[in-house]
Structures are given as structure tokens and as C-alpha cells.
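Structure file model13.cif with mmCIF, C-alpha atoms and all ligand atoms:
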data_my_file
#
loop_
_atom_site.label_atom_id
_atom_site.label_comp_id
_atom_site.auth_asym_id
_atom_site.auth_seq_id
_atom_site.Cartn_x
_atom_site.Cartn_y
_atom_site.Cartn_z
CA MET A 1 31.01 3.52 -29.07
CA SER A 2 33.91 3.08 -26.69
CA ARG A 3 32.61 3.78 -23.25
CA VAL A 4 34.19 1.77 -20.44
CA LEU A 5 32.02 0.39 -17.67
CA LEU A 6 33.26 -1.14 -14.43
CA LYS A 7 30.89 -2.90 -12.04
CA GLU A 8 32.00 -3.81 -8.52
CA VAL A 9 35.56 -4.51 -9.66
CA THR A 10 37.70 -5.94 -6.85
CA LYS A 11 41.26 -7.24 -6.60
CA THR A 12 42.92 -8.61 -3.49
CA PHE A 13 46.58 -9.60 -3.66
CA ARG A 14 48.21 -12.22 -1.47
CA ARG A 15 48.74 -11.06 2.12
CA GLY A 16 45.24 -9.55 1.98
CA VAL A 17 46.15 -6.26 0.27
CA VAL A 18 42.87 -5.00 -1.22
CA ALA A 19 44.31 -3.06 -4.17
CA VAL A 20 40.95 -2.35 -5.83
CA ASP A 21 37.83 -2.35 -3.69
CA ARG A 22 34.38 -2.60 -5.33
CA VAL A 23 34.96 0.08 -7.96
CA ASN A 24 31.95 1.19 -10.03
CA LEU A 25 32.70 3.59 -12.84
CA GLU A 26 31.32 4.64 -16.20
CA ILE A 27 33.73 6.38 -18.58
CA ASN A 28 32.02 8.01 -21.55
CA ASP A 29 32.80 7.54 -25.20
CA ARG A 30 35.66 9.91 -26.21
CA GLU A 31 36.11 11.14 -22.69
CA PHE A 32 39.51 12.09 -21.23
CA PHE A 33 39.13 10.45 -17.84
CA VAL A 34 41.83 10.76 -15.17
CA ILE A 35 42.28 8.38 -12.24
CA LEU A 36 44.03 10.30 -9.47
CA GLY A 37 45.28 9.12 -6.10
CA PRO A 38 48.33 8.73 -3.86
CA SER A 39 50.98 6.08 -4.37
CA GLY A 40 49.70 2.58 -3.65
CA CYS A 41 45.99 3.41 -3.86
CA GLY A 42 45.37 0.92 -6.69
CA LYS A 43 45.52 3.04 -9.87
CA THR A 44 47.89 0.81 -11.84
CA THR A 45 46.08 -2.32 -10.71
CA LEU A 46 42.76 -0.90 -11.92
CA LEU A 47 44.26 0.07 -15.27
CA ARG A 48 45.87 -3.36 -15.67
CA ILE A 49 42.51 -4.99 -14.93
CA ILE A 50 40.89 -2.91 -17.71
CA ALA A 51 43.74 -3.90 -20.05
CA GLY A 52 43.37 -7.57 -19.17
CA LEU A 53 46.88 -7.85 -17.69
CA GLU A 54 45.51 -8.53 -14.22
CA GLU A 55 42.51 -10.69 -13.40
CA PRO A 56 39.99 -9.25 -10.93
CA ASP A 57 38.59 -11.41 -8.11
CA GLY A 58 35.16 -10.05 -8.78
CA GLY A 59 33.21 -7.61 -10.89
CA GLU A 60 32.58 -6.96 -14.56
CA ILE A 61 34.36 -4.90 -17.21
CA TYR A 62 32.75 -3.65 -20.40
CA ILE A 63 34.53 -1.91 -23.28
CA GLY A 64 32.07 -0.56 -25.82
CA GLU A 65 29.19 -3.00 -25.79
CA ARG A 66 31.32 -6.04 -25.01
CA ARG A 67 31.86 -7.70 -21.67
CA VAL A 68 35.62 -8.25 -21.81
CA ASN A 69 36.29 -10.23 -18.60
CA ASP A 70 37.08 -13.37 -20.57
CA LEU A 71 38.97 -11.69 -23.42
CA GLU A 72 42.76 -11.65 -23.77
CA PRO A 73 44.47 -8.23 -23.68
CA LYS A 74 45.03 -8.30 -27.43
CA GLU A 75 41.33 -8.94 -28.06
CA ARG A 76 40.19 -5.93 -26.01
CA ASP A 77 41.04 -3.25 -28.59
CA ILE A 78 42.97 -1.07 -26.16
CA ALA A 79 46.51 0.33 -26.20
CA MET A 80 48.44 0.97 -23.03
CA VAL A 81 51.34 3.36 -22.47
CA PHE A 82 53.39 2.28 -19.47
CA GLN A 83 55.20 4.48 -16.99
CA ASN A 84 58.60 3.11 -18.05
CA TYR A 85 57.59 3.15 -21.79
CA ALA A 86 58.71 -0.50 -22.22
CA LEU A 87 60.26 0.12 -25.67
CA TYR A 88 62.16 -2.75 -27.29
CA PRO A 89 65.81 -1.66 -27.00
CA HIS A 90 67.09 -3.63 -30.01
CA MET A 91 64.48 -2.20 -32.40
CA THR A 92 64.48 1.17 -34.13
CA VAL A 93 61.74 3.69 -33.45
CA TYR A 94 60.07 2.61 -36.69
CA GLU A 95 60.21 -1.06 -35.72
CA ASN A 96 58.92 -0.33 -32.23
CA MET A 97 55.93 1.49 -33.64
CA ALA A 98 55.28 -1.06 -36.39
CA PHE A 99 55.65 -4.17 -34.23
CA ALA A 100 52.06 -4.61 -33.03
CA LEU A 101 50.77 -4.06 -36.57
CA GLN A 102 53.15 -6.67 -37.98
CA LEU A 103 51.86 -9.16 -35.41
CA ARG A 104 48.39 -8.41 -36.69
CA LYS A 105 49.66 -9.09 -40.21
CA LEU A 106 48.58 -5.76 -41.64
CA PRO A 107 49.83 -5.05 -45.19
CA LYS A 108 53.31 -3.43 -45.32
CA ASP A 109 52.16 -0.20 -46.94
CA GLU A 110 49.32 0.20 -44.44
CA ILE A 111 51.84 -0.20 -41.60
CA ARG A 112 54.16 2.36 -43.20
CA ARG A 113 51.28 4.80 -43.67
CA ARG A 114 50.14 4.53 -40.03
CA VAL A 115 53.64 4.80 -38.56
CA GLU A 116 54.51 7.83 -40.70
CA GLU A 117 51.24 9.54 -39.86
CA ALA A 118 51.71 8.98 -36.10
CA ALA A 119 55.34 10.12 -36.36
CA ALA A 120 54.18 13.31 -38.09
CA ILE A 121 51.55 14.03 -35.42
CA LEU A 122 54.16 13.56 -32.68
CA GLY A 123 56.99 15.36 -34.46
CA ILE A 124 59.37 12.35 -34.45
CA LYS A 125 59.70 11.63 -38.19
CA GLU A 126 63.42 12.26 -38.14
CA LEU A 127 63.87 9.77 -35.29
CA LEU A 128 62.40 6.72 -37.01
CA GLY A 129 65.81 5.15 -37.71
CA ARG A 130 67.18 5.52 -34.17
CA LYS A 131 67.23 3.04 -31.30
CA PRO A 132 65.62 3.93 -27.91
CA ALA A 133 69.05 4.36 -26.26
CA GLU A 134 69.74 7.22 -28.69
CA LEU A 135 66.68 9.20 -27.56
CA SER A 136 65.97 11.70 -24.77
CA GLY A 137 63.30 10.93 -22.16
CA GLY A 138 60.77 13.13 -23.89
CA GLN A 139 61.46 11.52 -27.27
CA ARG A 140 61.06 8.03 -25.80
CA GLN A 141 57.79 9.13 -24.31
CA ARG A 142 56.59 10.22 -27.75
CA VAL A 143 57.59 6.90 -29.28
CA ALA A 144 55.64 5.06 -26.58
CA VAL A 145 52.58 7.18 -27.38
CA GLY A 146 53.18 6.68 -31.11
CA ARG A 147 53.24 2.94 -30.64
CA ALA A 148 49.79 3.20 -29.03
CA ILE A 149 48.37 5.57 -31.69
CA VAL A 150 49.21 3.37 -34.69
CA ARG A 151 47.00 0.63 -33.29
CA GLN A 152 43.93 2.91 -33.55
CA PRO A 153 42.43 1.38 -30.43
CA GLN A 154 38.99 2.02 -28.98
CA VAL A 155 40.57 3.14 -25.70
CA PHE A 156 44.00 4.48 -24.67
CA LEU A 157 45.26 3.59 -21.22
CA PHE A 158 48.06 5.78 -19.87
CA ASP A 159 49.89 4.92 -16.64
CA GLU A 160 51.76 8.02 -15.40
CA PRO A 161 53.34 8.58 -18.83
CA LEU A 162 54.95 11.90 -17.85
CA SER A 163 56.42 11.02 -14.47
CA ASN A 164 59.93 10.35 -15.81
CA LEU A 165 60.20 13.74 -17.51
CA ASP A 166 61.62 16.92 -16.03
CA ALA A 167 59.16 19.59 -14.92
CA LYS A 168 59.32 21.78 -18.00
CA LEU A 169 59.02 18.93 -20.47
CA ARG A 170 56.12 17.56 -18.45
CA VAL A 171 54.16 20.77 -18.90
CA GLY A 172 54.86 20.75 -22.65
CA MET A 173 53.91 17.10 -23.10
CA ARG A 174 50.78 17.66 -21.02
CA ALA A 175 49.50 20.18 -23.54
CA GLU A 176 50.47 17.84 -26.38
CA LEU A 177 48.46 15.00 -24.91
CA ALA A 178 45.43 17.28 -24.59
CA ARG A 179 45.82 18.30 -28.24
CA LEU A 180 46.27 14.70 -29.29
CA HIS A 181 43.04 13.74 -27.58
CA GLN A 182 41.17 16.56 -29.35
CA ARG A 183 42.54 15.35 -32.64
CA LEU A 184 42.03 11.61 -32.23
CA GLN A 185 38.70 11.78 -30.37
CA THR A 186 39.36 8.48 -28.62
CA THR A 187 38.46 7.52 -25.07
CA VAL A 188 41.46 8.00 -22.75
CA ILE A 189 41.94 6.66 -19.24
CA TYR A 190 44.92 8.37 -17.70
CA VAL A 191 46.44 7.46 -14.34
CA THR A 192 48.45 9.94 -12.30
CA HIS A 193 49.24 10.89 -8.70
CA ASP A 194 49.86 14.51 -9.79
CA GLN A 195 46.80 16.59 -9.07
CA VAL A 196 47.86 19.43 -11.38
CA GLU A 197 48.12 16.98 -14.28
CA ALA A 198 44.71 15.57 -13.33
CA MET A 199 43.05 18.99 -13.12
CA THR A 200 44.51 20.24 -16.41
CA LEU A 201 43.94 17.09 -18.50
CA GLY A 202 40.81 15.46 -17.14
CA GLN A 203 37.33 16.19 -18.40
CA ARG A 204 36.39 14.19 -15.35
CA ILE A 205 38.56 12.85 -12.54
CA GLY A 206 38.05 9.81 -10.34
CA VAL A 207 39.87 10.22 -7.04
CA MET A 208 41.02 6.95 -5.48
CA ASN A 209 42.12 6.24 -1.94
CA ALA A 210 43.01 2.83 -0.51
CA GLY A 211 41.41 0.93 -3.39
CA ARG A 212 38.13 2.85 -3.31
CA MET A 213 36.84 5.34 -5.87
CA VAL A 214 36.14 8.22 -3.49
CA GLN A 215 34.69 10.89 -5.78
CA VAL A 216 34.12 11.19 -9.51
CA ALA A 217 33.51 14.69 -10.86
CA ASP A 218 34.73 17.39 -13.21
CA PRO A 219 37.80 19.32 -11.99
CA LEU A 220 35.97 22.40 -10.72
CA THR A 221 33.41 20.40 -8.75
CA LEU A 222 36.24 18.46 -7.11
CA TYR A 223 37.96 21.70 -6.24
CA ASN A 224 34.90 23.59 -5.03
CA ARG A 225 32.86 20.82 -3.46
CA PRO A 226 35.11 17.97 -2.30
CA MET A 227 32.87 15.25 -0.88
CA ASN A 228 35.16 14.41 1.98
CA ARG A 229 38.23 15.44 3.84
CA PHE A 230 40.55 13.22 1.82
CA VAL A 231 39.62 14.80 -1.53
CA ALA A 232 39.72 18.26 0.09
CA GLY A 233 43.29 17.73 1.25
CA PHE A 234 44.49 15.99 -1.92
CA ILE A 235 43.27 18.45 -4.57
CA GLY A 236 44.83 21.90 -4.61
CA SER A 237 48.35 23.21 -4.33
CA PRO A 238 49.25 24.47 -1.82
CA PRO A 239 46.69 22.29 -0.05
CA MET A 240 43.53 23.40 1.67
CA ASN A 241 44.02 24.57 5.27
CA LEU A 242 42.30 22.10 7.61
CA PHE A 243 41.52 22.80 11.29
CA THR A 244 40.02 20.40 13.79
CA GLY A 245 37.54 21.87 16.27
CA VAL A 246 33.95 21.73 17.45
CA ILE A 247 30.67 23.29 16.39
CA GLN A 248 28.81 25.49 18.87
CA THR A 249 25.29 26.72 18.26
CA SER A 250 23.57 30.04 19.17
CA PRO A 251 25.50 31.76 17.88
CA LEU A 252 26.70 29.23 15.28
CA ARG A 253 30.46 29.10 15.46
CA PHE A 254 33.56 26.98 15.01
CA VAL A 255 35.92 26.76 17.97
CA THR A 256 39.50 25.49 18.16
CA ALA A 257 42.13 25.90 20.87
CA SER A 258 43.60 28.85 18.95
CA PHE A 259 40.62 30.73 17.44
CA THR A 260 36.85 31.03 17.21
CA ILE A 261 34.98 32.12 14.11
CA GLU A 262 31.31 32.71 13.49
CA LEU A 263 29.76 30.61 10.78
CA PRO A 264 27.05 31.66 8.32
CA ALA A 265 23.62 30.20 9.08
CA GLY A 266 22.90 26.86 7.45
CA ILE A 267 26.53 25.92 6.82
CA ALA A 268 26.75 23.26 9.50
CA GLY A 269 24.14 21.03 7.84
CA SER A 270 23.22 18.24 10.19
CA ALA A 271 26.07 18.97 12.64
CA LYS A 272 25.11 18.83 16.33
CA PRO A 273 26.38 21.12 19.12
CA GLU A 274 29.87 20.10 20.30
CA GLN A 275 30.27 17.77 17.31
CA ALA A 276 33.93 17.41 16.32
CA VAL A 277 34.40 18.80 12.82
CA VAL A 278 37.18 19.73 10.42
CA LEU A 279 36.95 23.18 8.85
CA GLY A 280 38.64 23.59 5.46
CA ILE A 281 39.53 26.84 3.76
CA ARG A 282 41.70 27.20 0.63
CA PRO A 283 44.76 29.53 0.75
CA GLU A 284 43.10 31.97 -1.68
CA ASP A 285 39.98 32.18 0.53
CA VAL A 286 41.89 33.40 3.60
CA VAL A 287 42.13 37.21 3.69
CA LEU A 288 44.56 39.48 5.51
CA ASP A 289 42.02 41.57 7.42
CA GLN A 290 42.83 43.91 10.37
CA SER A 291 39.48 43.21 11.97
CA GLY A 292 39.54 39.44 11.26
CA PRO A 293 38.88 36.94 14.09
CA VAL A 294 42.10 34.92 13.67
CA SER A 295 45.46 36.18 14.89
CA ALA A 296 48.65 34.69 13.46
CA VAL A 297 52.36 35.38 12.99
CA VAL A 298 54.09 35.23 9.61
CA ASP A 299 56.61 32.40 9.51
CA VAL A 300 57.83 32.32 5.91
CA ASN A 301 56.81 34.28 2.89
CA GLU A 302 57.29 32.90 -0.62
CA GLN A 303 57.35 35.51 -3.36
CA LEU A 304 56.39 33.98 -6.71
CA GLY A 305 56.09 37.18 -8.71
CA ASN A 306 52.47 36.74 -9.77
CA GLU A 307 51.39 35.91 -6.21
CA ALA A 308 52.84 35.38 -2.77
CA LEU A 309 52.31 32.45 -0.43
CA ILE A 310 52.42 33.33 3.24
CA TYR A 311 52.98 30.57 5.78
CA LEU A 312 51.69 31.63 9.19
CA LYS A 313 51.70 30.12 12.67
CA LEU A 314 48.88 30.32 15.18
CA GLU A 315 49.35 28.52 18.49
CA GLY A 316 49.72 24.88 17.52
CA GLU A 317 48.50 25.26 13.94
CA SER A 318 49.74 26.62 10.66
CA VAL A 319 47.92 28.41 7.85
CA ILE A 320 48.84 29.14 4.26
CA VAL A 321 47.50 32.29 2.61
CA ARG A 322 47.69 33.09 -1.10
CA THR A 323 47.89 36.80 -1.65
CA SER A 324 48.96 39.51 -4.04
CA PRO A 325 52.75 39.83 -4.42
CA HIS A 326 52.52 43.43 -3.19
CA ASP A 327 51.03 42.85 0.23
CA ALA A 328 53.07 40.02 1.63
CA PRO A 329 54.05 40.93 5.22
CA GLY A 330 57.56 39.90 6.33
CA PRO A 331 58.47 37.10 8.77
CA GLY A 332 57.60 37.80 12.40
CA THR A 333 54.77 40.23 11.57
CA ARG A 334 51.56 39.64 13.56
CA VAL A 335 48.52 39.80 11.32
CA ARG A 336 44.80 39.13 11.53
CA LEU A 337 42.93 36.90 9.12
CA SER A 338 39.36 36.24 8.13
CA PHE A 339 37.88 33.38 6.09
CA ASP A 340 35.56 34.03 3.14
CA PRO A 341 32.32 32.61 4.65
CA ALA A 342 31.04 31.42 1.26
CA LYS A 343 34.19 29.31 0.78
CA ILE A 344 34.25 27.43 4.08
CA HIS A 345 34.13 23.62 3.89
CA LEU A 346 33.00 21.54 6.87
CA PHE A 347 33.65 17.84 7.36
CA ASP A 348 32.76 15.41 10.11
CA ALA A 349 35.95 14.78 12.10
CA ASN A 350 35.31 11.04 12.40
CA SER A 351 33.86 9.94 9.07
CA GLY A 352 35.47 12.75 7.03
CA SER A 353 32.20 13.29 5.11
CA ARG A 354 31.24 16.74 3.93
CA LEU A 355 28.60 18.45 6.10
CA ASN A 356 27.78 21.59 4.04
N1 LIG B 401 51.62 -8.09 -7.94
C1 LIG B 401 51.35 -7.65 -6.71
N2 LIG B 401 51.41 -8.46 -5.63
C2 LIG B 401 51.09 -8.03 -4.39
N3 LIG B 401 50.70 -6.77 -4.10
C3 LIG B 401 50.62 -5.89 -5.13
C4 LIG B 401 50.94 -6.27 -6.49
N4 LIG B 401 50.77 -5.19 -7.30
C5 LIG B 401 50.37 -4.19 -6.48
N5 LIG B 401 50.27 -4.59 -5.18
C6 LIG B 401 49.82 -3.78 -4.04
O1 LIG B 401 48.54 -3.28 -4.35
C7 LIG B 401 48.42 -1.94 -3.93
C8 LIG B 401 48.08 -1.06 -5.14
O2 LIG B 401 49.18 -1.03 -6.02
P1 LIG B 401 49.18 -0.18 -7.38
O3 LIG B 401 50.43 -0.50 -8.09
O4 LIG B 401 47.90 -0.43 -8.09
O5 LIG B 401 49.19 1.30 -6.81
P2 LIG B 401 49.33 2.70 -7.60
O6 LIG B 401 48.17 3.52 -7.15
O7 LIG B 401 49.51 2.46 -9.04
O8 LIG B 401 50.64 3.32 -6.95
P3 LIG B 401 51.83 4.22 -7.64
O9 LIG B 401 51.29 5.63 -7.70
O10 LIG B 401 52.93 4.10 -6.63
O11 LIG B 401 52.15 3.63 -8.97
C9 LIG B 401 49.71 -1.58 -3.24
O12 LIG B 401 49.52 -1.77 -1.87
C10 LIG B 401 50.70 -2.58 -3.81
O13 LIG B 401 51.71 -2.84 -2.90
MG MG B 402 51.09 2.86 -10.37
#
Give the structure from this file in C-alpha cells form.
Ligand SMILES: Nc1ncnc2c1ncn2[C@@H]1O[C@H](COP(=O)(O)OP(=O)(O)OP(=O)(O)O)[C@@H](O)[C@H]1O
Ligand SMILES: [Mg+2]
Amino acid sequence: MSRVLLKEVTKTFRRGVVAVDRVNLEINDREFFVILGPSGCGKTTLLRIIAGLEEPDGGEIYIGERRVNDLEPKERDIAMVFQNYALYPHMTVYENMAFALQLRKLPKDEIRRRVEEAAAILGIKELLGRKPAELSGGQRQRVAVGRAIVRQPQVFLFDEPLSNLDAKLRVGMRAELARLHQRLQTTVIYVTHDQVEAMTLGQRIGVMNAGRMVQVADPLTLYNRPMNRFVAGFIGSPPMNLFTGVIQTSPLRFVTASFTIELPAGIAGSAKPEQAVVLGIRPEDVVLDQSGPVSAVVDVNEQLGNEALIYLKLEGESVIVRTSPHDAPGPGTRVRLSFDPAKIHLFDANSGSRLN
């Protein structure tokens, strides 16, 4: 059993920066769990607290059945892969991977067996004699992962392990990490600020903002039912269109300075007449529709081959529409739009909480 349980974990740095704010979280045994959030939201701090590299001001941490608050990092049975890999420059790849096992005084042939097996899994057998300076970024990344694998920990902690790689390599390594998890069947906690990485790798994702765990869910739930405006705007690329306006009743509609649309019954939840709300609609849920209620002018049109992204202007606002590559109108064209009523998200403008 290697679930990870966090109860009310809090960390405040000097100058009053609350890096981690009362985080409660249960990560299941063998789960690939992603912590996602913008720069500075507390992801690394939370991971370092789990690893035992940072002491929390309050709260409890369990790994498996053990409360680990008072255990040293090396007693926690975890392995962490850092963003900068932190390889020892004067050691060969083999020595880097073997080092932690030598400290644990494992027999020489057991160490050799584990290092060679990890090297085979990662495709770096022919690199074992080289030093880190003689490796590419992607190869160094593999060595850092290999160094974690050989320890056969209960839990892997990854802090943005792909952020130093170029885009193409990142996509390749992403798939490799998913495969590795399927093969090793070990709990993984993976930190990233890249929402595509989070969506593709995570069985569940915890979205953080300003030290708080804002929503924990599987990728599709996060995408289809974001609990608040922050998650709505953070997940999805290009991002969800968000408009600020008010609710009017009888008939039920959403009104902004630039357009008015009718809303399906029941969507406004507990919203009151004239309540300030934010309406969200994803680019793929906006339709070019000659009889649509919204009028806009095409600003830029990005042809991607498999789809087109149309950036439009309406009065003071802008809208992004995802459409088929064949019906992308050119810049300057005036078009009308409608919103798929089943795909409209409504949030309170002040609290940001979801209303529907
Ligand atoms: N040792 C420290 N002393 C003081 N403040 C710190 C320390 N480490 C982190 N912080 C602050 O705590 C907050 C959270 O930092 P953290 O490194 O956890 O963010 P992050 O989500 O990992 O960001 P990034 O995506 O940029 O890596 C930030 O405001 C940061 O400035
Ligand atoms: Mg970080």
C-alpha cells in the first residue's frame, strides 16, 4: 500500500508568504496524480514537504500506513526527480544511478542488476560509461528517472521533469513516463504548470492556486465541470472564453455591453436577477451561425491543418472559436455566433464559484 495522505498541510515562509495553505489530499495506491498550477502557487513546496526536504508549519503527512512527519527524507521510501535533474557531474551515468544503492550498502551484484534493468527500460544502456556533460537534455532526463527507478520506492515524486526539454522531446518523454508508470505500477506524484501534460498524464489532477488545492478531479471532469472561474480559465488551450455580464430573468438571459443571449432554463442555479456573473464557453462550443445572437468581426485566423482557430473582436471583448479548417472566414469578415447552450458555464463574478 502506498497511498499518500495529506491533512491540513500548511507552510508559511518568512515575509508571510503562504506557499501551501491547508491542503487536504488523498492520493491512491498506484495512482498517477498530477499537481497543476501557475508559477509560484506552491507545487514544489508541497512536493518537498512530502519528500521531507521542507518542514510544514502544520498538518500531517502519511505515506502508506506511516505518519512520516518526523521521518528523514531517506526513511520515507520515496524517490524524487528534480526539475534540474541534479546529477553528480563527476560521476558516470552508472555511478549516478548506483549511488543511492551504494549508500544503502546493497550487494554489488544486486546494484548492477538494478542499474542494468533500469537502463534497459529507459534505453540508456550504451550511456552507462558517460558523464552527464556528455549527454543531451533528454538523455540526462532519463538518467535522473533511472536514478529514481533503481531505488524501487513506494512513491515517485516528479517536479516538472520535462520542462527543460524541447517541445518534440517533451511529447515523446511524456508518453514514456506514462508507459513507465503502467509497467512499474508505483504511485506517482507529478508536478507541472503545463495543463496539456497534466491532462495527458494524470489519472487525477489537483489544481492549485495561491497555496490552495482548488479542485481535485479526473481530467474530463476538470475540463467539463470546472468548479470555479480559475480552473475554467487555466484548463484548456486555447483557453475558455469568459465574459462578464449580468443575469436577467423572464426571459432568462445573459447581458453584456456587447451582446445578449438567452439561457436555457435552470442553468443559472441560485443566481438572482441583475447578479454579476461570468459566462464561460470553450472555443469548440462557439458555432459560426448566421442566425446567432452574437455579432463579431474576424481579427486573425490561424490555420492548423486539422482545425482552424478564429480570433474575433466584438466591441470591447474578444472571442476564440475552434472550427473546421475549411470554414475559417478571413480577417475583417463580420460573422454571427451562437453558443452551444448545453456547454455554457456560469460563475459568480465576485466569488468565482460555479453556479450551474
Ligand atoms: N525558501 C523559500 N523562502 C521564501 N519563500 C519561498 C521559498 N521557497 C518558495 N517560496 C515562495 O513560496 C511560493 C511557492 O513557491 P513554489 O516554489 O512552491 O512554487 P511553484 O508552484 O513550484 O512555482 P514554479 O512553477 O515557478 O516552480 C512562492 O511565492 C515562492 O516565492
Ligand atoms: Mg516549482
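Reported to one decimal place, the separation of atom CA of Leu157 of chain A from atom CA of Gly172 of chain A is 19.7 Å.
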Query raised in the report: Do you know which residues are within 10 Å of ligand LIG 401 (chain B) using all atoms listed in the file? Can you write them as a ChimeraX atom specification?
Result: /A:11-20,35-49,54,83,159-160,191-194,208-211
Report summary line: As a check of understanding: the span from atom CA of Pro325 of chain A to atom CA of Ala232 of chain A is 25.6 Å
Query - All residues 9 Å or closer to Gly64 of chain A, all atoms listed in the file, same chain fewer than 6 positions away omitted, as a VMD selection string - result: chain A and resid 1 to 5 29 154
Padded axis-aligned box of segment 76-84 of chain A (3 Å per side), centre and edge lengths, Å, one decimal, as lines of an AutoDock Vina configuration file:
center_x = 49.4
center_y = -0.7
center_z = -22.8
size_x = 24.4
size_y = 16.4
size_z = 17.6
